[in-house]
Amino acid sequence: SSYNFLCSSTMATLKTAKAAIGTLRVHGRDSKGIIAACSKVLSQAGCEIVSSEQWSDRKAISPHFFQRFQFTYCPSFSSRFHSTDTSLATVCSQLQLTHELNWRNRQQRVGIMVSKYDHCLWELLLRYREKELDCEIPVVISNHKQLQHVADTFQIPFHYVPISPETKIDQEAEQLKLLQQVYNVDVIVLARYMQVLSSQFLNQFGKKIINIHHSFLPAFSGRRPYHRAFERGVKLIGATAHYTTEKLDDGPIIEQDVIRVSHRDEVGDLIRKGRILERNVLVSALQAHLDDRIIVYGDKCVVFGD
């Protein structure tokens, strides 16, 4: 079942200058008392829950429970962060739950990797400039020089790191140095980055990487999906944003969308329509990630509403 509530009396708190907003996500074996136990810890810390959404996967062999709380708190209570984290860890351990508590007292830092296609990069940076993305974007990294002018337009540092089969290991090490040591990014967005990241890169980065694939996965994974879709005469094309794993185009899916096409459409029409989807799907996926609305569960993502 799904449960969603919003306490209108506390929304005013959300809008005041003194209030900050945090999130708590929990998941694990379904049992009685989870909501009450987590709510009690937050209440004792001086937090006020303003929204909550839950879902139970009762088709699993062992029913699995998912919950996202959104709460307000006074930033001056930062001294309570550690004790609240400790209390939640104790409660969740007793209830066999995994939890992620985010006080959201700093913006996440997003590193963008891109190749030659510019439409997703423009969309991300325009939304960022208009403050539609709650994050910092400190760097753009590319294996080509063509899109430096886009980063320059927004006064964001651009690093050209060419990749070839012979230099891939060393150049990925340079990319990781930039992302981790120089810019300290929390999440990477592959905005049509046309290189397959090595398992060493994925393991060493160790954080989430969001990729946009120009197809409604699992159909037409890999290269040139629009051309293969055209050859098959499909009536719908799509775009998929997913977390990156070692298996190409097979990570947990965050967001998807489709648009109708017909026999009158040429390959160029499919590409043009598909790029509209790619921009919107990638932004939606990043927003869900930044809002802590995603819980990865096996090969799937549970994505709560905005």
# chains A, B, ... in the order shown; residues from 1 in each chain; ligands from 1
call {"tool": "residues_around", "arguments": {"residues": "range 263-276 of chain A", "least_positions_apart": "2", "cutoff": "10 Å", "atoms": "only C-alpha atoms", "output": "JSON, numbers by chain"}}
result
{"A": [117, 119, 120, 123, 214, 215, 225, 226, 227, 228, 229, 230, 231, 233, 234, 235, 236, 237, 238, 239, 257, 258, 259, 260, 261, 278, 279, 280, 281]}
call {"tool": "closest_residue", "arguments": {"among": "A:Ile141, A:Leu121, A:Ile21, A:Cys92", "to": "Arg106 in chain A", "atoms": "only C-alpha atoms"}}
result
A:Ile21
call {"tool": "select_by_dssp", "arguments": {"residues": "range 72-263 of chain A", "states": "strand (DSSP E)", "output": "VMD selection string"}}
result
chain A and resid 72 to 73 97 to 102 108 to 114 135 to 142 158 to 160 187 to 190 209 to 213 236 to 243 253 to 260
call {"tool": "residues_around", "arguments": {"residues": "range 162-174 of chain A", "least_positions_apart": "2", "cutoff": "8 Å", "atoms": "only C-alpha atoms", "output": "compact mmCIF listing (two decimals) with N, CA, C and O atoms, in the first residue's frame"}}
result
# COMPACT_ATOMS: atom_id res chain seq x y z
N SER A 142 35.24 16.76 -20.19
CA SER A 142 34.91 16.22 -21.50
C SER A 142 36.14 15.57 -22.14
O SER A 142 37.27 15.97 -21.88
N ASN A 143 35.87 14.57 -22.97
CA ASN A 143 36.94 13.96 -23.76
C ASN A 143 37.09 14.62 -25.12
O ASN A 143 37.84 14.16 -25.97
N HIS A 144 36.36 15.74 -25.32
CA HIS A 144 36.49 16.55 -26.54
C HIS A 144 36.49 18.02 -26.14
O HIS A 144 35.99 18.39 -25.07
N TYR A 160 39.42 19.42 -20.33
CA TYR A 160 39.52 18.53 -21.48
C TYR A 160 40.47 17.39 -21.13
O TYR A 160 41.66 17.60 -20.88
N LEU A 176 39.26 11.18 -12.13
CA LEU A 176 38.93 10.92 -10.73
C LEU A 176 39.61 11.92 -9.80
O LEU A 176 39.02 12.36 -8.81
N LYS A 177 40.84 12.28 -10.12
CA LYS A 177 41.55 13.27 -9.31
C LYS A 177 40.80 14.60 -9.32
O LYS A 177 40.62 15.24 -8.27
N LEU A 178 40.35 15.01 -10.50
CA LEU A 178 39.59 16.25 -10.61
C LEU A 178 38.27 16.15 -9.83
O LEU A 178 37.92 17.06 -9.06
N PHE A 201 37.11 2.77 -12.49
CA PHE A 201 36.56 4.10 -12.26
C PHE A 201 35.35 4.01 -11.34
O PHE A 201 35.24 4.75 -10.35
call {"tool": "select_by_dssp", "arguments": {"residues": "range 18-229 of chain A", "states": "helix (DSSP H, G or I)", "output": "ChimeraX atom specification"}}
result
/A:34-44,75-94,119-129,148-153,168-182,199-205,225-229
call {"tool": "closest_residue", "arguments": {"among": "A:Val41, A:Pro138, A:Lys116, A:Lys208", "to": "Thr86 in chain A", "atoms": "only C-alpha atoms"}}
result
A:Val41
call {"tool": "atom_distance", "arguments": {"atom1": "CA of Ser93 in chain A", "atom2": "CA of Phe77 in chain A"}}
result
24.5 Å
call {"tool": "residues_around", "arguments": {"residues": "range 251-255 of chain A", "least_positions_apart": "3", "cutoff": "12 Å", "atoms": "only C-alpha atoms", "output": "MDAnalysis selection string"}}
result
chainID A and resid 208:213 215:218 221 238:248 258 277:289 293:305
call {"tool": "closest_residue", "arguments": {"among": "A:Met113, A:Ala37, A:Val50, A:Leu126", "to": "Thr90 in chain A", "atoms": "only C-alpha atoms"}}
result
A:Ala37
call {"tool": "atom_distance", "arguments": {"atom1": "CA of Gln180 in chain A", "atom2": "CA of Glu130 in chain A"}}
result
26.1 Å
